[in-house]
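Shown below: my_file-v4.cif, with mmCIF, C-alpha atoms.
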```cif
data_model
#
loop_
_atom_site.label_atom_id
_atom_site.label_comp_id
_atom_site.auth_asym_id
_atom_site.auth_seq_id
_atom_site.Cartn_x
_atom_site.Cartn_y
_atom_site.Cartn_z
CA MET A 1 -21.15 -28.41 7.10
CA GLU A 2 -17.84 -29.44 5.53
CA SER A 3 -17.96 -26.49 3.11
CA PHE A 4 -18.80 -24.22 6.06
CA TRP A 5 -15.61 -25.13 7.94
CA LEU A 6 -13.62 -25.10 4.70
CA GLU A 7 -14.62 -21.46 4.13
CA TYR A 8 -13.55 -20.60 7.69
CA ALA A 9 -10.22 -22.40 7.22
CA TRP A 10 -9.62 -20.66 3.86
CA ALA A 11 -10.40 -17.23 5.36
CA LEU A 12 -8.02 -17.91 8.27
CA LEU A 13 -5.25 -19.00 5.88
CA ILE A 14 -5.65 -15.81 3.82
CA LEU A 15 -5.71 -13.72 7.00
CA ILE A 16 -2.48 -15.30 8.28
CA GLY A 17 -0.75 -14.58 4.95
CA LEU A 18 -1.97 -10.97 4.98
CA GLU A 19 -0.97 -10.58 8.65
CA GLY A 20 2.47 -11.93 7.74
CA LEU A 21 3.08 -9.24 5.13
CA LEU A 22 1.68 -6.45 7.33
CA SER A 23 3.67 -7.77 10.30
CA ALA A 24 6.86 -7.71 8.22
CA ASP A 25 6.16 -4.06 7.44
CA ASN A 26 5.47 -3.42 11.14
CA ALA A 27 8.72 -5.14 12.19
CA LEU A 28 10.70 -3.25 9.55
CA VAL A 29 9.35 0.11 10.75
CA LEU A 30 10.21 -0.79 14.37
CA ALA A 31 13.75 -1.66 13.31
CA VAL A 32 14.15 1.63 11.43
CA ILE A 33 12.82 3.76 14.31
CA ALA A 34 15.16 2.07 16.81
CA LYS A 35 18.17 1.91 14.47
CA HIS A 36 19.96 4.93 15.97
CA LEU A 37 20.00 3.49 19.51
CA PRO A 38 22.94 1.55 21.00
CA GLU A 39 22.66 -2.20 20.45
CA ASN A 40 21.47 -3.08 23.97
CA GLN A 41 18.84 -0.30 23.95
CA LYS A 42 17.80 -1.16 20.39
CA LYS A 43 16.86 -4.74 21.36
CA LYS A 44 15.04 -3.49 24.45
CA ALA A 45 13.09 -0.88 22.45
CA ILE A 46 12.06 -3.45 19.81
CA ASN A 47 10.98 -5.88 22.57
CA TYR A 48 8.89 -3.11 24.13
CA GLY A 49 7.48 -2.52 20.66
CA ILE A 50 6.43 -6.16 20.33
CA VAL A 51 4.72 -6.03 23.76
CA MET A 52 2.90 -2.83 22.81
CA ALA A 53 1.89 -4.36 19.48
CA PHE A 54 0.34 -7.24 21.44
CA VAL A 55 -1.54 -4.88 23.79
CA PHE A 56 -2.76 -2.51 21.08
CA ARG A 57 -3.96 -5.28 18.74
CA PHE A 58 -5.98 -7.01 21.42
CA ALA A 59 -7.36 -3.72 22.72
CA ALA A 60 -8.44 -2.84 19.17
CA LEU A 61 -9.84 -6.33 18.69
CA PHE A 62 -12.05 -6.26 21.77
CA ALA A 63 -13.20 -2.70 21.10
CA ILE A 64 -14.11 -3.40 17.47
CA SER A 65 -15.83 -6.70 18.31
CA PHE A 66 -18.49 -4.85 20.30
CA ILE A 67 -19.25 -2.33 17.54
CA ALA A 68 -18.55 -4.48 14.47
CA ASN A 69 -22.21 -4.64 13.42
CA VAL A 70 -22.86 -0.89 13.73
CA TRP A 71 -23.20 0.17 10.09
CA GLN A 72 -21.60 3.58 10.69
CA ILE A 73 -18.47 1.87 12.03
CA GLN A 74 -18.52 -0.55 9.10
CA ALA A 75 -18.74 2.39 6.67
CA ILE A 76 -15.84 4.22 8.33
CA GLY A 77 -13.79 1.01 8.37
CA ALA A 78 -14.51 0.34 4.69
CA ALA A 79 -13.53 3.89 3.74
CA TYR A 80 -10.34 3.68 5.78
CA LEU A 81 -9.25 0.34 4.31
CA LEU A 82 -9.94 1.58 0.79
CA TYR A 83 -7.99 4.79 1.50
CA LEU A 84 -5.08 2.88 3.03
CA GLY A 85 -4.83 0.36 0.20
CA LEU A 86 -5.34 2.79 -2.68
CA LYS A 87 -2.96 5.35 -1.19
CA HIS A 88 -0.16 2.79 -1.07
CA ILE A 89 -0.91 1.52 -4.59
CA ILE A 90 -0.94 5.05 -6.04
CA GLN A 91 2.29 5.97 -4.24
CA ALA A 92 3.95 2.82 -5.57
CA ARG A 93 2.75 3.56 -9.10
CA ILE A 94 4.12 7.12 -9.11
CA GLY A 95 7.41 6.10 -7.49
CA LYS A 96 6.95 7.29 -3.91
CA LYS A 97 8.28 4.19 -2.18
CA ASP A 98 7.93 3.39 1.49
CA LYS A 99 11.73 3.32 1.61
CA LYS A 100 11.71 7.12 1.63
CA ASP A 101 9.16 7.16 4.45
CA ARG A 102 11.35 4.78 6.46
CA GLU A 103 14.43 6.91 5.80
CA ASP A 104 12.49 9.97 7.00
CA ALA A 105 11.47 8.07 10.13
CA GLU A 106 15.09 7.10 10.73
CA ASN A 107 16.35 10.65 10.26
CA ASP A 108 13.60 11.99 12.51
CA ALA A 109 14.51 9.45 15.19
CA ALA A 110 18.24 10.09 15.04
CA GLY A 111 19.59 11.78 18.14
CA LYS A 112 16.47 11.03 20.19
CA GLY A 113 16.71 9.22 23.51
CA PHE A 114 15.42 5.78 24.49
CA TRP A 115 11.97 6.73 25.80
CA PRO A 116 11.10 9.16 22.98
CA THR A 117 12.02 6.35 20.58
CA VAL A 118 9.75 3.93 22.48
CA GLY A 119 6.99 6.55 22.20
CA LYS A 120 7.41 6.69 18.41
CA ILE A 121 7.33 2.90 18.29
CA ALA A 122 4.08 2.96 20.29
CA LEU A 123 2.45 5.31 17.76
CA ALA A 124 3.59 3.10 14.88
CA ASP A 125 2.24 0.01 16.67
CA LEU A 126 -1.11 1.70 17.24
CA ALA A 127 -1.45 2.54 13.53
CA PHE A 128 -0.56 -1.02 12.49
CA ALA A 129 -2.95 -2.46 15.11
CA ILE A 130 -5.87 -0.50 13.66
CA ASP A 131 -4.96 -1.50 10.10
CA SER A 132 -4.54 -5.17 11.02
CA ILE A 133 -7.67 -5.61 13.13
CA LEU A 134 -9.90 -3.67 10.72
CA ALA A 135 -8.76 -5.86 7.83
CA ALA A 136 -9.30 -9.01 9.92
CA VAL A 137 -12.78 -7.96 11.05
CA ALA A 138 -13.78 -7.00 7.51
CA LEU A 139 -12.68 -10.42 6.27
CA ALA A 140 -14.40 -12.30 9.11
CA LEU A 141 -17.73 -10.47 8.84
CA GLY A 142 -18.25 -11.94 5.37
CA LEU A 143 -18.16 -15.49 6.76
CA PRO A 144 -21.43 -17.36 7.44
CA ASP A 145 -22.73 -17.41 11.02
CA SER A 146 -21.36 -20.24 13.15
CA PRO A 147 -23.16 -22.32 15.80
CA LEU A 148 -21.03 -20.62 18.48
CA ARG A 149 -22.39 -17.93 20.81
CA ASP A 150 -21.93 -14.27 19.90
CA PHE A 151 -19.13 -12.25 21.47
CA GLY A 152 -20.03 -8.58 21.70
CA GLY A 153 -21.32 -7.60 18.28
CA MET A 154 -19.70 -10.49 16.45
CA ASP A 155 -20.55 -14.10 15.78
CA GLY A 156 -18.42 -16.36 17.99
CA GLY A 157 -16.83 -18.20 15.07
CA GLN A 158 -15.98 -14.96 13.28
CA PHE A 159 -14.49 -13.56 16.47
CA ILE A 160 -12.27 -16.64 16.86
CA VAL A 161 -10.98 -16.19 13.29
CA VAL A 162 -10.05 -12.58 14.09
CA VAL A 163 -8.37 -13.59 17.36
CA LEU A 164 -6.34 -16.34 15.65
CA GLY A 165 -5.36 -13.92 12.88
CA GLY A 166 -4.24 -11.36 15.46
CA ILE A 167 -2.22 -13.95 17.36
CA ALA A 168 -0.65 -15.11 14.09
CA GLY A 169 0.37 -11.53 13.31
CA LEU A 170 2.07 -11.15 16.69
CA VAL A 171 3.85 -14.50 16.39
CA LEU A 172 5.03 -13.51 12.91
CA ILE A 173 6.33 -10.15 14.17
CA LYS A 174 8.33 -11.96 16.85
CA PHE A 175 9.61 -15.03 15.00
CA ALA A 176 9.01 -14.80 11.24
CA ALA A 177 9.35 -11.09 10.44
CA THR A 178 12.94 -11.56 9.24
CA TRP A 179 11.82 -14.20 6.74
CA PHE A 180 8.96 -12.02 5.48
CA ILE A 181 11.29 -9.02 5.16
CA LYS A 182 13.67 -11.17 3.11
CA LEU A 183 10.72 -12.32 0.98
CA LEU A 184 9.69 -8.70 0.41
CA SER A 185 13.24 -7.81 -0.64
CA GLN A 186 13.17 -10.65 -3.19
CA ARG A 187 9.60 -9.94 -4.35
CA PRO A 188 9.01 -6.23 -3.65
CA ALA A 189 5.68 -6.23 -5.49
CA LEU A 190 4.21 -8.32 -2.65
CA GLU A 191 4.09 -5.25 -0.40
CA THR A 192 1.84 -3.42 -2.87
CA THR A 193 -0.08 -6.68 -3.30
CA ALA A 194 -0.76 -6.81 0.45
CA TYR A 195 -2.24 -3.32 0.35
CA ALA A 196 -4.24 -4.17 -2.77
CA ILE A 197 -5.74 -7.02 -0.75
CA VAL A 198 -6.43 -4.57 2.09
CA ALA A 199 -8.32 -2.35 -0.38
CA TRP A 200 -10.27 -5.35 -1.73
CA VAL A 201 -11.16 -6.34 1.84
CA GLY A 202 -12.38 -2.73 2.21
CA VAL A 203 -14.67 -3.36 -0.77
CA LYS A 204 -15.98 -6.45 1.03
CA LEU A 205 -16.72 -4.41 4.17
CA ALA A 206 -18.45 -1.79 1.98
CA VAL A 207 -20.67 -4.55 0.52
CA ILE A 208 -21.50 -5.72 4.05
CA THR A 209 -22.36 -2.12 5.00
CA LEU A 210 -24.62 -1.63 1.96
CA ALA A 211 -26.41 -4.89 2.81
CA HIS A 212 -26.97 -3.87 6.44
CA GLU A 213 -30.66 -4.05 7.32
CA ASP A 214 -30.70 -0.34 8.20
CA ILE A 215 -29.27 0.60 4.77
CA GLY A 216 -30.82 -1.95 2.43
CA VAL A 217 -29.03 -0.90 -0.78
CA LEU A 218 -28.08 -4.56 -1.32
CA ASN A 219 -29.99 -7.66 -0.31
CA HIS A 220 -29.21 -8.56 3.30
CA HIS A 221 -28.11 -12.06 2.28
CA PHE A 222 -25.91 -10.96 -0.62
CA PRO A 223 -22.56 -10.74 1.33
CA HIS A 224 -23.00 -14.42 2.27
CA SER A 225 -24.19 -15.61 -1.13
CA THR A 226 -22.25 -18.19 -3.14
CA ALA A 227 -21.88 -15.80 -6.09
CA TRP A 228 -20.30 -12.99 -4.05
CA THR A 229 -18.11 -15.44 -2.11
CA LEU A 230 -16.73 -16.85 -5.38
CA VAL A 231 -16.16 -13.36 -6.80
CA PHE A 232 -14.43 -12.14 -3.63
CA TYR A 233 -12.04 -15.08 -3.27
CA GLY A 234 -11.48 -15.29 -7.04
CA VAL A 235 -10.36 -11.66 -7.22
CA LEU A 236 -8.30 -12.08 -4.06
CA VAL A 237 -6.41 -15.07 -5.48
CA ALA A 238 -5.90 -13.17 -8.76
CA ILE A 239 -4.39 -10.22 -6.86
CA ALA A 240 -2.05 -12.57 -4.97
CA LEU A 241 -0.91 -14.32 -8.16
CA LEU A 242 -0.32 -11.01 -9.94
CA GLY A 243 1.79 -9.83 -7.01
CA TRP A 244 3.81 -13.05 -6.91
CA PHE A 245 4.57 -13.06 -10.65
CA ALA A 246 4.86 -9.28 -11.10
CA PRO A 247 7.67 -8.04 -13.44
CA ALA A 248 9.08 -5.92 -10.59
CA ASN A 249 10.07 -9.12 -8.79
CA LYS A 250 12.06 -10.35 -11.81
CA LYS A 251 13.88 -7.04 -12.10
CA GLN A 252 14.75 -7.16 -8.41
CA SER A 253 16.17 -10.68 -8.66
CA GLN A 254 18.45 -9.97 -11.62
CA PRO A 255 22.17 -10.03 -10.73
CA GLY A 256 23.68 -6.60 -10.24
CA SER A 257 20.30 -4.89 -9.97
#
```
Just give me the structure as structure tokens.
Amino acid sequence: MESFWLEYAWALLILIGLEGLLSADNALVLAVIAKHLPENQKKKAINYGIVMAFVFRFAALFAISFIANVWQIQAIGAAYLLYLGLKHIIQARIGKKDKKDREDAENDAAGKGFWPTVGKIALADLAFAIDSILAAVALALGLPDSPLRDFGGMDGGQFIVVVLGGIAGLVLIKFAATWFIKLLSQRPALETTAYAIVAWVGVKLAVITLAHEDIGVLNHHFPHSTAWTLVFYGVLVAIALLGWFAPANKKQSQPGS
């Protein structure tokens, strides 16, 4: 039982770290979209953005929780997470940085009024909500069943992990996004690392899909086996360490660079 709760605690810790990096990206995009507004309107637009982020994430959470065990949804989610992660990694490798995307968003927003800007923030929030909740659900579905009652299509314990991860993401957007943005500026490779983890979580969701009783490509118990659990978390920790000690971080921290 102790190892059971330890696995849940470890998954929640990883999810909070991942949510922190994705939330920093979310907060940075909100700031860029609202940058052209006067100072009083800028703060109001960003506050609206935080409220919408809260609404969209919980709406996505409750919708996904009821269809989480439908293998077709799992397959689509796995494909999307893999696409999202690999797209970012490939763009980073060939030099197409998100900085350009943010500059484009800023230029596109320039000259627009308050409510059109809020509308653009809402669309950005919706995209981040889907990314965040899908990654959280994919991570939680690999956890062993808990003694808690099911909620919708999810085990109660798994659902609580996703809820806590979602709340952590919102808290981090509101209070810790500045710190995470500073961390990303000091260690820029961590942004690509976050999306590499998203892709690896997509692999985990693909494994869960292939082990679904209606598919049967993998043994139904394989996603919860000790061997796969060790492989998943081992690779995940390796990705995190590579991102933390990546050469790009050293180059960024050199004086005058």
Requested in this report: Report the residues retrieved by the PyMOL selection byres ((chain A and resi 146-157) around 8) from the displayed file, expressed as a ChimeraX atom specification.
Outcome: /A:65-69,141,144-145,158-161
Near range 128-132 of chain A, counting all atoms listed in the file, which residues have an atom at most 10 Å away, once you skip same-chain residues fewer than 5 positions from it, shown as a PDB file with C-alpha atoms, in the frame of the given file?
```pdb
ATOM      1  CA  LEU A  15      -5.710 -13.720   7.000  1.00  0.00           C
ATOM      2  CA  LEU A  18      -1.970 -10.970   4.980  1.00  0.00           C
ATOM      3  CA  GLU A  19      -0.970 -10.580   8.650  1.00  0.00           C
ATOM      4  CA  LEU A  22       1.680  -6.450   7.330  1.00  0.00           C
ATOM      5  CA  SER A  23       3.670  -7.770  10.300  1.00  0.00           C
ATOM      6  CA  ASP A  25       6.160  -4.060   7.440  1.00  0.00           C
ATOM      7  CA  ASN A  26       5.470  -3.420  11.140  1.00  0.00           C
ATOM      8  CA  MET A  52       2.900  -2.830  22.810  1.00  0.00           C
ATOM      9  CA  ALA A  53       1.890  -4.360  19.480  1.00  0.00           C
ATOM     10  CA  PHE A  54       0.340  -7.240  21.440  1.00  0.00           C
ATOM     11  CA  VAL A  55      -1.540  -4.880  23.790  1.00  0.00           C
ATOM     12  CA  PHE A  56      -2.760  -2.510  21.080  1.00  0.00           C
ATOM     13  CA  ARG A  57      -3.960  -5.280  18.740  1.00  0.00           C
ATOM     14  CA  PHE A  58      -5.980  -7.010  21.420  1.00  0.00           C
ATOM     15  CA  ALA A  59      -7.360  -3.720  22.720  1.00  0.00           C
ATOM     16  CA  ALA A  60      -8.440  -2.840  19.170  1.00  0.00           C
ATOM     17  CA  LEU A  61      -9.840  -6.330  18.690  1.00  0.00           C
ATOM     18  CA  ILE A  64     -14.110  -3.400  17.470  1.00  0.00           C
ATOM     19  CA  GLY A  77     -13.790   1.010   8.370  1.00  0.00           C
ATOM     20  CA  TYR A  80     -10.340   3.680   5.780  1.00  0.00           C
ATOM     21  CA  LEU A  81      -9.250   0.340   4.310  1.00  0.00           C
ATOM     22  CA  LEU A  84      -5.080   2.880   3.030  1.00  0.00           C
ATOM     23  CA  ALA A 122       4.080   2.960  20.290  1.00  0.00           C
ATOM     24  CA  LEU A 123       2.450   5.310  17.760  1.00  0.00           C
ATOM     25  CA  VAL A 137     -12.780  -7.960  11.050  1.00  0.00           C
ATOM     26  CA  VAL A 162     -10.050 -12.580  14.090  1.00  0.00           C
ATOM     27  CA  GLY A 165      -5.360 -13.920  12.880  1.00  0.00           C
ATOM     28  CA  GLY A 166      -4.240 -11.360  15.460  1.00  0.00           C
ATOM     29  CA  GLY A 169       0.370 -11.530  13.310  1.00  0.00           C
ATOM     30  CA  VAL A 198      -6.430  -4.570   2.090  1.00  0.00           C
TER      31      VAL A 198
END
```
Report task. May I ask for the distance between CA of Gly85 in chain A and CA of Thr193 in chain A, given in Å to one decimal place? Result -> 9.2 Å
Could you build a table of the residues in range 132-167 of chain A lying no more than 12 Å from range 231-235 of chain A, giving for each the nearest pair of atoms and their separation in Å rounded to one decimal place, using only C-alpha atoms, ordered by chain and ascending residue number, as JSON lines?
```
{"residue": "A:Leu139", "atom": "CA", "partner": "A:Phe232", "partner_atom": "CA", "distance": 10.2}
{"residue": "A:Gly142", "atom": "CA", "partner": "A:Phe232", "partner_atom": "CA", "distance": 9.8}
{"residue": "A:Leu143", "atom": "CA", "partner": "A:Phe232", "partner_atom": "CA", "distance": 11.5}
```
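Within the file as shown, the PyMOL selection byres ((chain A and resi 201) around 10) identifies Ala78, Leu81, Leu82, Gly85, Leu134, Ala135, Ala136, Val137, Ala138, Leu139, Ala140, Gly142, Tyr195, Ala196, Ile197, Val198, Ala199, Trp200, Gly202, Val203, Lys204, Leu205, Ala206, Val207, Phe232 and Leu236 of chain A.
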Centre, x/y/z edge lengths, axis-aligned box for range 12-25 of chain A with 3 Å per side, as lines of an AutoDock Vina configuration file:
```
center_x = -0.6
center_y = -11.5
center_z = 7.1
size_x = 20.9
size_y = 20.9
size_z = 12.5
```
Query - Point-to-point distance in Å for CA of Ala34 in chain A and CA of Pro116 in chain A - result: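 Separation of CA of Pro116 in chain A and CA of Ala34 in chain A: 10.2 Å.
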Requested in this report: Mind giving me the straight-line distance from CA of Lys42 in chain A to CA of Ala127 in chain A in Å, one decimal?
Outcome: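 Answer for the CA of Lys42 in chain A to CA of Ala127 in chain A separation: 20.8 Å.
Minimum distance to Leu86 in chain A across A:Leu21, A:Leu164, A:Val237, A:Ala194 (counting only C-alpha atoms) occurs at A:Ala194.
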Query raised in the report: Using only C-alpha atoms, which of A:Val171, A:Ile121, A:Ala246, A:Leu13 sits nearest Ile46 in chain A?
Result: A:Ile121
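What the PyMOL selection byres ((chain A and resi 35) around 10) matches in the given file is A:Val29, A:Leu30, A:Ala31, A:Val32, A:Ile33, A:Ala34, A:His36, A:Leu37, A:Pro38, A:Glu39, A:Gln41, A:Lys42, A:Lys43, A:Ala45, A:Ile46, A:Glu106, A:Asn107, A:Ala109, A:Ala110, A:Thr117.
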**Report entry** Residue with smallest distance to Ile14 in chain A - pool A:Ala240, A:Leu218, A:Val51, A:Ala79, counting all atoms listed in the file
**Finding:**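 The answer is A:Ala240, which sits nearest to Ile14 in chain A.
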Report task. Would you mind telling me which residue in A:Leu170, A:Ile239, A:His221, A:Ala211 lies nearest to Asp125 in chain A when using all atoms listed in the file? Result ->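 Checking each candidate against Asp125 in chain A, we get A:Leu170 as the closest.
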Dump of range 29-59 of chain A from preceding block, C-alpha atoms, as an mmCIF file, in the first residue's frame:
```cif
data_model
loop_
_atom_site.group_PDB
_atom_site.id
_atom_site.type_symbol
_atom_site.label_atom_id
_atom_site.label_comp_id
_atom_site.auth_asym_id
_atom_site.auth_seq_id
_atom_site.Cartn_x
_atom_site.Cartn_y
_atom_site.Cartn_z
ATOM 1 C CA VAL A 29 1.676 33.948 -24.529
ATOM 2 C CA LEU A 30 -1.026 35.873 -22.616
ATOM 3 C CA ALA A 31 1.470 38.632 -21.859
ATOM 4 C CA VAL A 32 2.536 38.856 -25.520
ATOM 5 C CA ILE A 33 -1.044 38.976 -26.843
ATOM 6 C CA ALA A 34 -1.996 41.744 -24.390
ATOM 7 C CA LYS A 35 1.280 43.683 -24.700
ATOM 8 C CA HIS A 36 -0.087 46.336 -27.081
ATOM 9 C CA LEU A 37 -2.903 47.394 -24.721
ATOM 10 C CA PRO A 38 -2.661 50.321 -22.273
ATOM 11 C CA GLU A 39 -1.392 49.273 -18.840
ATOM 12 C CA ASN A 40 -4.790 49.271 -17.099
ATOM 13 C CA GLN A 41 -6.424 47.279 -19.925
ATOM 14 C CA LYS A 42 -3.440 44.934 -20.143
ATOM 15 C CA LYS A 43 -3.823 43.840 -16.502
ATOM 16 C CA LYS A 44 -7.572 43.437 -16.950
ATOM 17 C CA ALA A 45 -7.142 41.349 -20.129
ATOM 18 C CA ILE A 46 -4.568 39.071 -18.446
ATOM 19 C CA ASN A 47 -6.876 38.655 -15.427
ATOM 20 C CA TYR A 48 -9.715 37.714 -17.777
ATOM 21 C CA GLY A 49 -7.287 35.286 -19.384
ATOM 22 C CA ILE A 50 -6.544 33.625 -16.040
ATOM 23 C CA VAL A 51 -10.288 33.274 -15.319
ATOM 24 C CA MET A 52 -10.884 31.765 -18.764
ATOM 25 C CA ALA A 53 -7.931 29.418 -18.280
ATOM 26 C CA PHE A 54 -9.605 28.223 -15.064
ATOM 27 C CA VAL A 55 -12.975 27.690 -16.786
ATOM 28 C CA PHE A 56 -11.569 25.984 -19.884
ATOM 29 C CA ARG A 57 -9.289 23.621 -17.948
ATOM 30 C CA PHE A 58 -12.041 22.420 -15.664
ATOM 31 C CA ALA A 59 -14.502 22.128 -18.547
#
```
